[in-house]
$ cat run07.cif   # mmCIF, C-alpha atoms
data_structure
loop_
_atom_site.label_atom_id
_atom_site.label_comp_id
_atom_site.auth_asym_id
_atom_site.auth_seq_id
_atom_site.Cartn_x
_atom_site.Cartn_y
_atom_site.Cartn_z
CA MET A 1 93.90 94.82 116.68
CA ARG A 2 93.14 98.36 117.86
CA THR A 3 95.69 101.17 118.15
CA LEU A 4 94.81 104.44 119.85
CA ILE A 5 96.86 107.58 119.22
CA THR A 6 96.17 110.21 121.88
CA ASN A 7 97.09 113.81 122.75
CA ILE A 8 97.72 114.70 119.09
CA LYS A 9 98.71 118.37 118.85
CA ARG A 10 96.81 118.58 115.55
CA LEU A 11 95.22 115.85 113.46
CA CYS A 12 95.50 117.07 109.87
CA GLN A 13 93.52 116.47 106.70
CA THR A 14 90.38 115.23 108.44
CA GLU A 15 87.07 114.43 106.76
CA GLU A 16 84.02 114.02 108.94
CA GLY A 17 80.56 112.61 108.33
CA ASN A 18 79.64 112.26 104.65
CA GLU A 19 82.44 114.54 103.51
CA ASN A 20 84.35 112.92 100.64
CA ARG A 21 86.89 115.19 98.97
CA GLN A 22 88.35 113.54 95.87
CA ARG A 23 90.94 116.31 95.32
CA VAL A 24 91.38 119.98 96.25
CA SER A 25 91.76 122.77 93.71
CA GLY A 26 92.72 126.40 93.50
CA LYS A 27 92.10 128.50 96.59
CA ASP A 28 90.85 125.43 98.51
CA MET A 29 94.44 124.15 98.51
CA ALA A 30 95.36 126.88 101.02
CA ALA A 31 93.51 125.13 103.86
CA ILE A 32 94.00 121.80 105.61
CA PRO A 33 91.09 120.83 107.84
CA GLY A 34 92.02 119.36 111.18
CA ILE A 35 91.35 118.92 114.88
CA ASP A 36 93.49 120.30 117.70
CA HIS A 37 94.23 118.15 120.76
CA ALA A 38 92.86 115.05 119.09
CA TRP A 39 92.78 111.26 119.21
CA LEU A 40 92.73 108.68 116.41
CA MET A 41 91.61 105.05 116.65
CA ILE A 42 92.87 102.45 114.18
CA GLU A 43 91.25 99.05 113.88
CA SER A 44 92.26 96.16 111.60
CA GLY A 45 94.50 98.42 109.54
CA LEU A 46 91.84 101.05 108.88
CA ILE A 47 90.95 104.40 110.40
CA HIS A 48 88.11 103.57 112.78
CA SER A 49 87.29 106.92 114.40
CA PHE A 50 88.78 110.19 115.61
CA GLY A 51 87.87 113.31 117.51
CA ARG A 52 88.81 115.73 120.28
CA MET A 53 90.44 114.45 123.44
CA ALA A 54 87.71 116.16 125.46
CA ASP A 55 85.14 113.96 123.71
CA ILE A 56 86.95 110.60 123.72
CA ALA A 57 84.60 107.77 124.71
CA ASP A 58 85.82 104.24 123.96
CA ALA A 59 89.51 104.32 124.88
CA HIS A 60 90.06 100.55 124.81
CA ALA A 61 92.89 99.46 122.53
CA ASN A 62 95.63 96.87 122.23
CA GLU A 63 98.31 99.50 121.67
CA TYR A 64 98.56 103.13 122.76
CA ILE A 65 100.70 105.90 121.25
CA ASP A 66 101.09 109.26 122.98
CA ALA A 67 101.49 111.95 120.31
CA SER A 68 101.87 114.92 122.64
CA GLY A 69 103.33 117.91 120.79
CA ARG A 70 103.18 116.09 117.46
CA PHE A 71 101.19 116.38 114.26
CA VAL A 72 99.44 113.40 112.69
CA LEU A 73 98.62 113.39 108.99
CA PRO A 74 98.09 110.97 106.12
CA ALA A 75 101.22 109.45 104.60
CA TRP A 76 102.67 111.01 101.46
CA CYS A 77 101.43 109.71 98.09
CA ASP A 78 104.29 109.95 95.56
CA SER A 79 102.66 109.62 92.15
CA HIS A 80 105.72 109.81 89.86
CA THR A 81 108.97 107.88 90.38
CA HIS A 82 111.55 105.79 88.50
CA LEU A 83 112.67 104.06 91.68
CA VAL A 84 113.69 100.81 89.94
CA PHE A 85 117.07 101.44 88.33
CA ALA A 86 120.39 99.64 88.21
CA ALA A 87 123.02 102.26 89.03
CA PRO A 88 123.48 105.97 89.85
CA ARG A 89 124.68 108.50 87.26
CA GLU A 90 126.86 110.81 89.32
CA GLN A 91 129.29 111.41 86.44
CA GLU A 92 126.51 113.14 84.53
CA PHE A 93 125.95 115.32 87.59
CA VAL A 94 129.58 116.41 87.25
CA ASP A 95 129.17 116.91 83.49
CA ARG A 96 126.27 119.29 84.10
CA ILE A 97 128.35 121.24 86.63
CA LYS A 98 130.94 121.64 83.86
CA GLY A 99 128.33 123.07 81.52
CA LEU A 100 126.79 120.23 79.53
CA SER A 101 123.01 120.32 79.17
CA TYR A 102 120.61 117.45 79.78
CA GLU A 103 120.07 117.17 76.00
CA GLU A 104 123.82 117.19 75.25
CA ILE A 105 124.43 114.39 77.75
CA ALA A 106 121.63 112.37 76.15
CA ARG A 107 123.11 112.84 72.66
CA ARG A 108 126.43 111.46 73.93
CA GLY A 109 124.74 108.22 75.02
CA GLY A 110 124.21 109.31 78.60
CA GLY A 111 120.93 109.86 80.36
CA ILE A 112 118.27 107.23 79.80
CA LEU A 113 120.47 105.19 77.43
CA ASN A 114 123.14 105.00 80.14
CA SER A 115 120.59 103.63 82.60
CA ALA A 116 119.32 101.17 79.98
CA GLN A 117 122.78 99.68 79.52
CA ARG A 118 123.34 99.40 83.27
CA LEU A 119 119.96 97.72 83.68
CA LYS A 120 120.71 95.19 80.95
CA ASP A 121 123.87 94.20 82.85
CA THR A 122 122.04 93.74 86.19
CA PRO A 123 120.31 90.46 87.13
CA GLU A 124 116.63 90.71 88.05
CA GLU A 125 117.12 89.66 91.67
CA ALA A 126 119.88 92.22 92.23
CA LEU A 127 117.65 94.88 90.69
CA TYR A 128 114.86 93.92 93.07
CA GLU A 129 117.08 93.95 96.16
CA GLN A 130 118.51 97.42 95.57
CA SER A 131 115.07 98.79 94.62
CA LEU A 132 113.60 97.43 97.85
CA VAL A 133 116.27 99.29 99.83
CA ARG A 134 115.30 102.55 98.06
CA LEU A 135 111.62 101.90 98.67
CA TYR A 136 112.17 101.36 102.39
CA GLU A 137 114.23 104.56 102.59
CA VAL A 138 111.39 106.70 101.24
CA MET A 139 108.86 104.88 103.40
CA ARG A 140 110.85 105.89 106.48
CA GLN A 141 110.44 109.50 105.32
CA GLY A 142 106.67 109.07 105.25
CA THR A 143 105.81 107.80 101.77
CA GLY A 144 102.77 105.55 102.09
CA ALA A 145 101.87 105.00 98.42
CA ILE A 146 104.01 105.23 95.30
CA GLU A 147 104.03 104.91 91.54
CA ILE A 148 107.04 103.30 89.82
CA LYS A 149 107.79 103.36 86.09
CA SER A 150 109.65 101.09 83.75
CA GLY A 151 111.50 102.85 80.93
CA TYR A 152 115.13 101.91 81.48
CA GLY A 153 114.72 98.61 79.61
CA LEU A 154 114.00 99.86 76.08
CA SER A 155 113.67 96.27 74.87
CA THR A 156 110.97 93.69 75.40
CA THR A 157 113.11 91.52 77.68
CA GLU A 158 114.38 94.36 79.85
CA GLU A 159 111.07 96.25 80.11
CA LEU A 160 109.40 93.04 81.29
CA LYS A 161 112.24 92.54 83.77
CA MET A 162 111.65 95.99 85.26
CA LEU A 163 107.91 95.50 85.48
CA ARG A 164 108.32 92.10 87.15
CA VAL A 165 110.58 93.74 89.74
CA ILE A 166 107.87 96.35 90.35
CA ARG A 167 105.30 93.54 90.72
CA LYS A 168 107.51 91.81 93.27
CA LEU A 169 107.81 95.08 95.22
CA LYS A 170 104.00 95.30 95.14
CA GLU A 171 103.74 91.81 96.54
CA ASN A 172 106.23 92.33 99.38
CA ALA A 173 105.92 95.96 100.47
CA PRO A 174 103.26 97.13 102.95
CA VAL A 175 102.27 100.16 100.84
CA PRO A 176 100.21 100.43 97.63
CA ILE A 177 102.33 100.56 94.46
CA LYS A 178 101.14 101.48 90.97
CA ALA A 179 103.16 100.47 87.89
CA SER A 180 103.56 102.50 84.69
CA PHE A 181 104.80 101.02 81.40
CA LEU A 182 107.26 103.58 79.96
CA ALA A 183 109.07 101.88 77.09
CA ALA A 184 108.45 105.17 75.22
CA HIS A 185 111.06 106.91 77.39
CA ALA A 186 113.76 107.20 74.73
CA TYR A 187 114.79 105.53 71.48
CA PRO A 188 117.32 102.71 72.06
CA THR A 189 120.58 102.81 70.15
CA ASP A 190 119.50 100.06 67.73
CA PHE A 191 116.49 102.14 66.66
CA LYS A 192 118.03 105.61 66.41
CA GLN A 193 117.54 105.52 62.62
CA ASP A 194 114.29 103.57 62.79
CA LYS A 195 112.00 105.36 65.24
CA GLU A 196 108.90 103.98 63.55
CA GLY A 197 110.25 100.47 64.08
CA TYR A 198 110.61 101.08 67.82
CA ILE A 199 107.09 102.45 68.15
CA LYS A 200 105.77 99.36 66.35
CA LEU A 201 107.82 97.15 68.68
CA ILE A 202 106.17 98.79 71.69
CA ILE A 203 102.68 98.50 70.24
CA ASN A 204 102.85 95.06 68.60
CA GLU A 205 105.20 93.13 70.88
CA MET A 206 105.73 94.79 74.27
CA LEU A 207 102.18 95.91 75.03
CA PRO A 208 100.53 92.50 74.50
CA LYS A 209 103.07 90.85 76.80
CA VAL A 210 102.81 93.55 79.48
CA ALA A 211 99.03 93.33 79.44
CA GLY A 212 99.07 89.55 79.21
CA GLU A 213 100.99 89.31 82.48
CA GLY A 214 99.02 92.13 84.11
CA LEU A 215 102.25 94.02 84.80
CA ALA A 216 101.13 97.65 84.48
CA ASP A 217 98.39 100.00 85.59
CA TYR A 218 99.30 102.88 83.28
CA MET A 219 100.79 103.66 79.88
CA ASP A 220 103.40 106.43 79.96
CA VAL A 221 105.14 108.35 77.16
CA PHE A 222 107.89 110.98 77.25
CA CYS A 223 106.20 113.55 74.98
CA GLU A 224 109.03 115.98 74.32
CA GLU A 225 111.07 117.45 71.47
CA GLY A 226 113.80 114.98 70.54
CA PHE A 227 111.91 112.11 72.13
CA PHE A 228 108.29 111.26 71.22
CA SER A 229 106.16 113.68 69.23
CA VAL A 230 102.50 114.48 69.83
CA ALA A 231 101.56 112.19 66.93
CA ASP A 232 103.73 109.37 68.34
CA THR A 233 102.23 109.92 71.77
CA GLU A 234 98.69 109.69 70.43
CA ARG A 235 99.39 106.36 68.75
CA LEU A 236 100.98 104.94 71.87
CA LEU A 237 98.25 106.14 74.23
CA GLU A 238 95.53 104.78 71.96
CA ALA A 239 97.33 101.43 71.86
CA GLY A 240 97.61 101.42 75.65
CA TRP A 241 93.89 102.15 76.07
CA LYS A 242 93.10 99.05 73.98
CA TYR A 243 94.75 96.99 76.72
CA GLY A 244 93.11 98.92 79.54
CA LEU A 245 96.21 100.95 80.41
CA LYS A 246 95.25 104.52 81.28
CA PRO A 247 97.61 107.33 80.20
CA LYS A 248 99.92 109.01 82.72
CA ILE A 249 102.47 110.97 80.72
CA HIS A 250 105.62 113.10 80.85
CA ALA A 251 104.78 116.50 79.36
CA ASN A 252 106.34 119.92 78.79
CA GLN A 253 109.55 119.40 80.78
CA LEU A 254 111.92 121.06 78.33
CA HIS A 255 109.66 122.72 75.75
CA TYR A 256 106.06 123.64 75.01
CA SER A 257 105.69 120.20 73.49
CA GLY A 258 101.92 119.82 73.24
CA GLY A 259 102.09 117.07 75.83
CA VAL A 260 99.53 118.66 78.14
CA GLN A 261 96.94 118.98 75.41
CA VAL A 262 97.44 115.44 74.11
CA GLY A 263 97.25 114.11 77.67
CA VAL A 264 93.95 115.87 78.31
CA LYS A 265 92.58 114.75 74.92
CA HIS A 266 93.27 111.12 75.80
CA HIS A 267 91.92 111.38 79.34
CA ALA A 268 95.27 110.95 81.08
CA VAL A 269 95.10 110.45 84.83
CA SER A 270 97.90 113.00 85.11
CA VAL A 271 100.34 115.03 83.03
CA ASP A 272 103.67 115.34 84.79
CA HIS A 273 106.66 117.74 84.88
CA LEU A 274 105.10 120.91 83.40
CA GLU A 275 108.04 123.29 83.59
CA CYS A 276 106.70 124.83 80.37
CA VAL A 277 103.11 125.84 81.03
CA GLY A 278 101.24 128.86 79.71
CA ASP A 279 97.66 129.93 79.25
CA ALA A 280 96.99 127.33 76.54
CA GLU A 281 98.05 124.48 78.82
CA ILE A 282 96.05 125.83 81.76
CA ASP A 283 92.99 126.26 79.53
CA ALA A 284 93.31 122.64 78.39
CA LEU A 285 93.49 121.39 81.98
CA MET A 286 90.56 123.48 83.22
CA GLY A 287 87.42 121.39 83.29
CA SER A 288 89.28 118.12 82.69
CA LYS A 289 89.85 115.33 85.18
CA THR A 290 93.57 115.21 84.32
CA ILE A 291 95.73 116.21 87.30
CA PRO A 292 98.74 118.50 86.68
CA THR A 293 101.67 116.99 88.57
CA LEU A 294 104.73 119.14 89.24
CA LEU A 295 108.21 117.69 89.76
CA PRO A 296 110.23 120.65 91.09
CA ALA A 297 112.99 118.52 92.63
CA ALA A 298 114.04 117.55 89.10
CA ALA A 299 114.06 121.21 88.02
CA PHE A 300 116.14 121.98 91.13
CA PHE A 301 118.68 119.26 90.37
CA LEU A 302 118.93 120.10 86.65
CA GLY A 303 119.06 123.85 87.25
CA ILE A 304 116.21 124.58 84.84
CA PRO A 305 113.23 126.93 85.34
CA TYR A 306 110.58 125.86 87.82
CA GLN A 307 106.93 125.17 87.16
CA PRO A 308 104.49 128.12 87.43
CA ALA A 309 102.67 126.64 90.41
CA ARG A 310 101.20 129.95 91.58
CA LYS A 311 99.66 130.68 88.19
CA MET A 312 98.18 127.18 88.05
CA ILE A 313 96.73 127.25 91.58
CA ASP A 314 95.41 130.79 91.14
CA ALA A 315 93.67 129.61 87.96
CA GLY A 316 91.84 127.00 90.04
CA LEU A 317 93.72 123.80 89.18
CA PRO A 318 94.24 120.83 91.56
CA VAL A 319 98.05 120.81 91.63
CA CYS A 320 99.89 117.65 92.67
CA LEU A 321 103.55 117.27 93.65
CA ALA A 322 105.74 114.18 93.15
CA THR A 323 109.46 113.48 93.50
CA ASP A 324 110.47 112.04 90.08
CA TYR A 325 112.97 109.86 91.98
CA ASN A 326 115.42 108.63 89.32
CA PRO A 327 119.19 108.20 88.85
CA GLY A 328 119.73 111.06 86.42
CA SER A 329 117.63 114.16 87.00
CA CYS A 330 116.42 113.61 90.58
CA PRO A 331 118.26 111.01 92.67
CA SER A 332 116.02 111.61 95.69
CA GLY A 333 112.62 110.36 96.80
CA ASN A 334 112.63 112.66 99.83
CA VAL A 335 109.13 114.15 100.02
CA PRO A 336 109.87 116.51 102.96
CA LEU A 337 112.69 118.06 100.89
CA LEU A 338 110.30 118.25 97.93
CA LEU A 339 107.93 120.28 100.13
CA THR A 340 110.73 122.72 100.94
CA ILE A 341 111.53 123.21 97.25
CA ALA A 342 107.82 123.71 96.47
CA CYS A 343 107.54 126.39 99.17
CA THR A 344 110.79 128.24 98.50
CA GLN A 345 110.97 128.03 94.71
CA LEU A 346 107.38 127.57 93.52
CA LYS A 347 106.02 129.88 96.25
CA MET A 348 103.44 127.34 97.37
CA THR A 349 102.28 127.70 100.97
CA PRO A 350 102.98 124.78 103.33
CA GLU A 351 99.28 123.92 103.27
CA GLU A 352 99.19 123.87 99.46
CA ALA A 353 102.29 121.70 99.34
CA VAL A 354 100.93 119.20 101.87
CA ASN A 355 97.61 119.01 100.01
CA ALA A 356 99.59 118.34 96.82
CA VAL A 357 101.29 115.23 98.25
CA THR A 358 98.39 113.84 100.28
CA ILE A 359 94.86 114.19 98.91
CA ASN A 360 95.91 115.25 95.40
CA GLY A 361 98.74 112.71 95.35
CA ALA A 362 96.24 109.99 96.19
CA ALA A 363 93.98 111.18 93.35
CA ALA A 364 96.92 111.05 90.90
CA LEU A 365 97.33 107.39 91.91
CA GLU A 366 93.57 106.75 91.74
CA LEU A 367 93.70 105.89 95.45
CA GLU A 368 91.54 108.79 96.66
CA ASN A 369 89.01 106.41 98.23
CA GLU A 370 91.72 104.63 100.23
CA LEU A 371 94.38 107.19 101.14
CA GLY A 372 95.20 110.90 101.22
CA SER A 373 93.03 112.04 104.13
CA ILE A 374 91.97 111.07 107.65
CA LYS A 375 88.54 109.52 107.11
CA ASN A 376 86.79 106.58 108.73
CA GLY A 377 87.30 103.48 106.62
CA LYS A 378 90.43 104.64 104.81
CA LYS A 379 93.73 102.77 105.17
CA ALA A 380 95.67 103.76 108.25
CA ASN A 381 98.84 104.87 106.44
CA ILE A 382 99.74 107.57 108.91
CA ILE A 383 102.64 109.92 109.71
CA ILE A 384 103.38 110.95 113.29
CA THR A 385 105.82 113.84 113.21
CA LYS A 386 108.49 114.74 115.68
CA LYS A 387 107.55 117.45 118.16
CA MET A 388 107.15 120.70 116.23
CA PRO A 389 105.43 124.07 116.64
CA SER A 390 103.38 124.07 113.42
CA LEU A 391 102.76 122.23 110.17
CA ALA A 392 104.92 124.83 108.39
CA TYR A 393 107.89 123.49 110.33
CA ILE A 394 107.99 120.44 108.01
CA PRO A 395 109.21 122.38 104.94
CA TYR A 396 110.98 124.98 107.10
CA ASP A 397 113.29 122.45 108.77
CA PHE A 398 114.74 121.36 105.45
CA GLY A 399 117.19 118.52 105.17
CA ASN A 400 115.88 116.80 108.29
CA ASN A 401 113.33 114.01 108.47
CA PRO A 402 110.22 115.31 110.27
CA VAL A 403 108.81 111.81 110.70
CA GLU A 404 109.10 110.17 114.11
CA LYS A 405 106.83 107.22 113.36
CA VAL A 406 105.05 106.04 110.24
CA LEU A 407 102.27 103.47 110.30
CA PHE A 408 101.22 101.36 107.35
CA LYS A 409 97.88 99.56 107.66
CA GLY A 410 97.99 100.65 111.30
CA GLU A 411 101.32 98.98 112.09
CA ILE A 412 104.48 100.90 113.01
CA PHE A 413 107.07 100.51 110.28
#
$ encode --input "run07.cif" --output "structure tokens"
Amino acid sequence: MRTLITNIKRLCQTEEGNENRQRVSGKDMAAIPGIDHAWLMIESGLIHSFGRMADIADAHANEYIDASGRFVLPAWCDSHTHLVFAAPREQEFVDRIKGLSYEEIARRGGGILNSAQRLKDTPEEALYEQSLVRLYEVMRQGTGAIEIKSGYGLSTTEELKMLRVIRKLKENAPVPIKASFLAAHAYPTDFKQDKEGYIKLIINEMLPKVAGEGLADYMDVFCEEGFFSVADTERLLEAGWKYGLKPKIHANQLHYSGGVQVGVKHHAVSVDHLECVGDAEIDALMGSKTIPTLLPAAAFFLGIPYQPARKMIDAGLPVCLATDYNPGSCPSGNVPLLLTIACTQLKMTPEEAVNAVTINGAAALELENELGSIKNGKKANIIITKKMPSLAYIPYDFGNNPVEKVLFKGEIF
């Protein structure tokens, strides 16, 4: 099966010849390589070839798409979500409007504990069905790879239920999905006075079962004051490594928690959130392979300070963006809206923001050899935009879906 996309206004994020960018950092994030007035050939679900319309040679295909006036770019790679959950938490949204903080809501049994109770009351099949609806919604907005966390179970039975739902999504969705084991998201009510007991439960009971069923790719911990300390996080990450689960952790959302440093020390794939980042955190990240992943849509929704993206990019870091789609602090997996927030609030340029959710997003999912750029042999997970004057129009036209067509493995979704 061959699909030929022709008359592309601009083909974005191209890599030609032996070029093989694994991620882009610092000042390099300000540019997106591309070809004006281009064509793209897809064969058997992979990018076969591309070039300028003036140079097109073999135009034979089974299907033709005219992309006149449109941009074509790799699908978004959303490397941090909690897409599997049982119910929304709109009452907490109202509570925050009335002045309660995120921490105050959590102390009252809201937040993560609220979601844990709702999840316990929801059958596995129902959880799968509503999660599949959410997944398809974000795919229509251009998401072509995604990470999904557990963490609303907070017991062996319920964490395994969540991870099995994620596995079923993996098996039935046409996009790559990575799973993170996040039992260390909060302390369940039964263990509020026995935090050591809960950590031992995760290490001695949950982890062997998760690994035994092959349910997770990563080990995640919410390293934050009032949740899991640096010492707790170290124990949990070391335990995860013993089962082959690489770290991918929540860090520095509410405080300078030490989460960035412990993530780098334990070779985390990424450290995520990063509202609280200073010179010490940037110094720790410099020279490491750990990717700093910013979640500004959560900061927007919670009304807390944004991440210092400019300082991080100017220091030379490879910044990634992700949605943090979840029922409490960011009930949206809308990547185009995320790009708007990154541009308007974090002062990232449109090019930096797009790099952060394509090539760097793929790297934060360890899919940089499959997705994130237009390169021969990579998966044809492709966005075709609506007609627009420039790439900057995507974050500029906020609230609207810029995607006209999205292709996964070369097939129109």
$ closest_residue --input "run07.cif" --among "A:Leu83, A:Gln13, A:Ser257, A:Glu352" --to "Tyr136 in chain A" --atoms "all atoms listed in the file"
A:Leu83
$ axis_aligned_box --input "run07.cif" --around "range 98-117 of chain A" --padding-each-side "4 Å" --output "AutoDock Vina command-line options"
--center_x 124.6 --center_y 111.4 --center_z 78.3 --size_x 20.7 --size_y 31.4 --size_z 19.2
$ closest_atom_pairs --input "run07.cif" --of "range 303-344 of chain A" --to "range 264-285 of chain A" --cutoff "9 Å" --atoms "only C-alpha atoms" --output "Markdown table"
| residue | atom | partner | partner_atom | distance |
| --- | --- | --- | --- | --- |
| A:Ile304 | CA | A:Glu275 | CA | 8.4 |
| A:Pro305 | CA | A:Glu275 | CA | 6.6 |
| A:Tyr306 | CA | A:Glu275 | CA | 5.6 |
| A:Gln307 | CA | A:Glu275 | CA | 4.2 |
| A:Pro308 | CA | A:Val277 | CA | 6.9 |
| A:Lys311 | CA | A:Gly278 | CA | 8.8 |
| A:Met312 | CA | A:Ile282 | CA | 6.8 |
| A:Ala315 | CA | A:Ile282 | CA | 7.6 |
| A:Leu317 | CA | A:Leu285 | CA | 7.6 |
| A:Ala322 | CA | A:Asp272 | CA | 8.7 |
| A:Asp324 | CA | A:His273 | CA | 8.6 |
$ atom_distance --input "run07.cif" --atom1 "CA of Gly214 in chain A" --atom2 "CA of Lys170 in chain A"
12.5 Å
$ residues_around --input "run07.cif" --residues "Leu365 in chain A" --least-positions-apart "5" --cutoff "8 Å" --atoms "only C-alpha atoms" --output "list in words"
Cys77, Ser79, Ile146, Glu147 and Lys178 of chain A
$ closest_residue --input "run07.cif" --among "A:Pro327, A:Glu368, A:Asp397, A:Ala380" --to "Thr340 in chain A" --atoms "all atoms listed in the file"
A:Asp397
$ atom_distance --input "run07.cif" --atom1 "CA of Ile56 in chain A" --atom2 "CA of Ile5 in chain A"
11.3 Å
$ atom_distance --input "run07.cif" --atom1 "CA of Asp95 in chain A" --atom2 "CA of Val138 in chain A"
27.1 Å
$ residues_near_point --input "run07.cif" --point "(117.9, 100.2, 69.8)" --cutoff "12 Å" --atoms "all atoms listed in the file" --output "list in words"
Gly109, Leu113, Ala116, Gln117, Gly153, Leu154, Ser155, Thr156, Ala183, Ala184, Ala186, Tyr187, Pro188, Thr189, Asp190, Phe191, Lys192, Gln193, Asp194, Lys195, Glu196, Gly197, Tyr198, Ile199, Leu201 and Ile202 of chain A
$ closest_residue --input "run07.cif" --among "A:Ile382, A:Leu160, A:Ala126, A:Gln345" --to "Lys409 in chain A" --atoms "all atoms listed in the file"
A:Ile382
$ resolve_selection --input "run07.cif" --expression "the PyMOL selection byres ((chain A and resi 227) around 12)" --output "PDB file with C-alpha atoms, in the frame of the given file"
ATOM      1  CA  GLU A 103     120.070 117.170  76.000  1.00  0.00           C
ATOM      2  CA  ALA A 106     121.630 112.370  76.150  1.00  0.00           C
ATOM      3  CA  ARG A 107     123.110 112.840  72.660  1.00  0.00           C
ATOM      4  CA  ILE A 112     118.270 107.230  79.800  1.00  0.00           C
ATOM      5  CA  ALA A 183     109.070 101.880  77.090  1.00  0.00           C
ATOM      6  CA  ALA A 184     108.450 105.170  75.220  1.00  0.00           C
ATOM      7  CA  HIS A 185     111.060 106.910  77.390  1.00  0.00           C
ATOM      8  CA  ALA A 186     113.760 107.200  74.730  1.00  0.00           C
ATOM      9  CA  TYR A 187     114.790 105.530  71.480  1.00  0.00           C
ATOM     10  CA  PRO A 188     117.320 102.710  72.060  1.00  0.00           C
ATOM     11  CA  LYS A 192     118.030 105.610  66.410  1.00  0.00           C
ATOM     12  CA  LYS A 195     112.000 105.360  65.240  1.00  0.00           C
ATOM     13  CA  TYR A 198     110.610 101.080  67.820  1.00  0.00           C
ATOM     14  CA  ILE A 199     107.090 102.450  68.150  1.00  0.00           C
ATOM     15  CA  VAL A 221     105.140 108.350  77.160  1.00  0.00           C
ATOM     16  CA  PHE A 222     107.890 110.980  77.250  1.00  0.00           C
ATOM     17  CA  CYS A 223     106.200 113.550  74.980  1.00  0.00           C
ATOM     18  CA  GLU A 224     109.030 115.980  74.320  1.00  0.00           C
ATOM     19  CA  GLU A 225     111.070 117.450  71.470  1.00  0.00           C
ATOM     20  CA  GLY A 226     113.800 114.980  70.540  1.00  0.00           C
ATOM     21  CA  PHE A 228     108.290 111.260  71.220  1.00  0.00           C
ATOM     22  CA  SER A 229     106.160 113.680  69.230  1.00  0.00           C
ATOM     23  CA  VAL A 230     102.500 114.480  69.830  1.00  0.00           C
ATOM     24  CA  ALA A 231     101.560 112.190  66.930  1.00  0.00           C
ATOM     25  CA  ASP A 232     103.730 109.370  68.340  1.00  0.00           C
ATOM     26  CA  THR A 233     102.230 109.920  71.770  1.00  0.00           C
ATOM     27  CA  HIS A 250     105.620 113.100  80.850  1.00  0.00           C
ATOM     28  CA  ALA A 251     104.780 116.500  79.360  1.00  0.00           C
ATOM     29  CA  ASN A 252     106.340 119.920  78.790  1.00  0.00           C
ATOM     30  CA  GLN A 253     109.550 119.400  80.780  1.00  0.00           C
ATOM     31  CA  LEU A 254     111.920 121.060  78.330  1.00  0.00           C
ATOM     32  CA  HIS A 255     109.660 122.720  75.750  1.00  0.00           C
ATOM     33  CA  SER A 257     105.690 120.200  73.490  1.00  0.00           C
ATOM     34  CA  GLY A 259     102.090 117.070  75.830  1.00  0.00           C
TER      35      GLY A 259
END
$ closest_residue --input "run07.cif" --among "A:Val262, A:Val175, A:Met162, A:Leu127" --to "Glu411 in chain A" --atoms "only C-alpha atoms"
A:Val175
$ closest_residue --input "run07.cif" --among "A:Gly263, A:Pro208, A:Pro395, A:Gly99" --to "Gly240 in chain A" --atoms "all atoms listed in the file"
A:Pro208
$ closest_residue --input "run07.cif" --among "A:Ala75, A:Ala297, A:Leu182, A:Leu391" --to "Ser332 in chain A" --atoms "only C-alpha atoms"
A:Ala297
$ residues_around --input "run07.cif" --residues "Ile32 in chain A" --least-positions-apart "5" --cutoff "10 Å" --atoms "all atoms listed in the file" --output "list in words"
Leu11, Cys12, Gln13, Thr14, Val24, Pro350, Glu351, Glu352, Val354, Asn355, Ser373 and Leu391 of chain A
$ residues_near_point --input "run07.cif" --point "(107.6, 107.5, 105.3)" --cutoff "8 Å" --atoms "all atoms listed in the file" --output "list in words"
Ala75, Trp76, Glu137, Val138, Met139, Arg140, Gln141, Gly142, Thr143, Gly144, Ile383, Val403 and Val406 of chain A
$ residues_around --input "run07.cif" --residues "Gly372 in chain A" --least-positions-apart "5" --cutoff "9 Å" --atoms "all atoms listed in the file" --output "list of chain:residue names"
A:Gln13, A:Leu73, A:Pro74, A:Ala75, A:Trp76, A:Cys77, A:Asn355, A:Val357, A:Thr358, A:Ile359, A:Asn360, A:Gly361, A:Ala362, A:Ala363, A:Leu367, A:Lys378, A:Asn381
$ residues_around --input "run07.cif" --residues "Met388 in chain A" --least-positions-apart "2" --cutoff "10 Å" --atoms "only C-alpha atoms" --output "ChimeraX atom specification"
/A:9,69-71,385-386,390-394,397,402
$ residues_around --input "run07.cif" --residues "Gly328 in chain A" --least-positions-apart "5" --cutoff "9 Å" --atoms "only C-alpha atoms" --output "VMD selection string"
chain A and resid 88 to 90 92 to 93 111 to 112 115
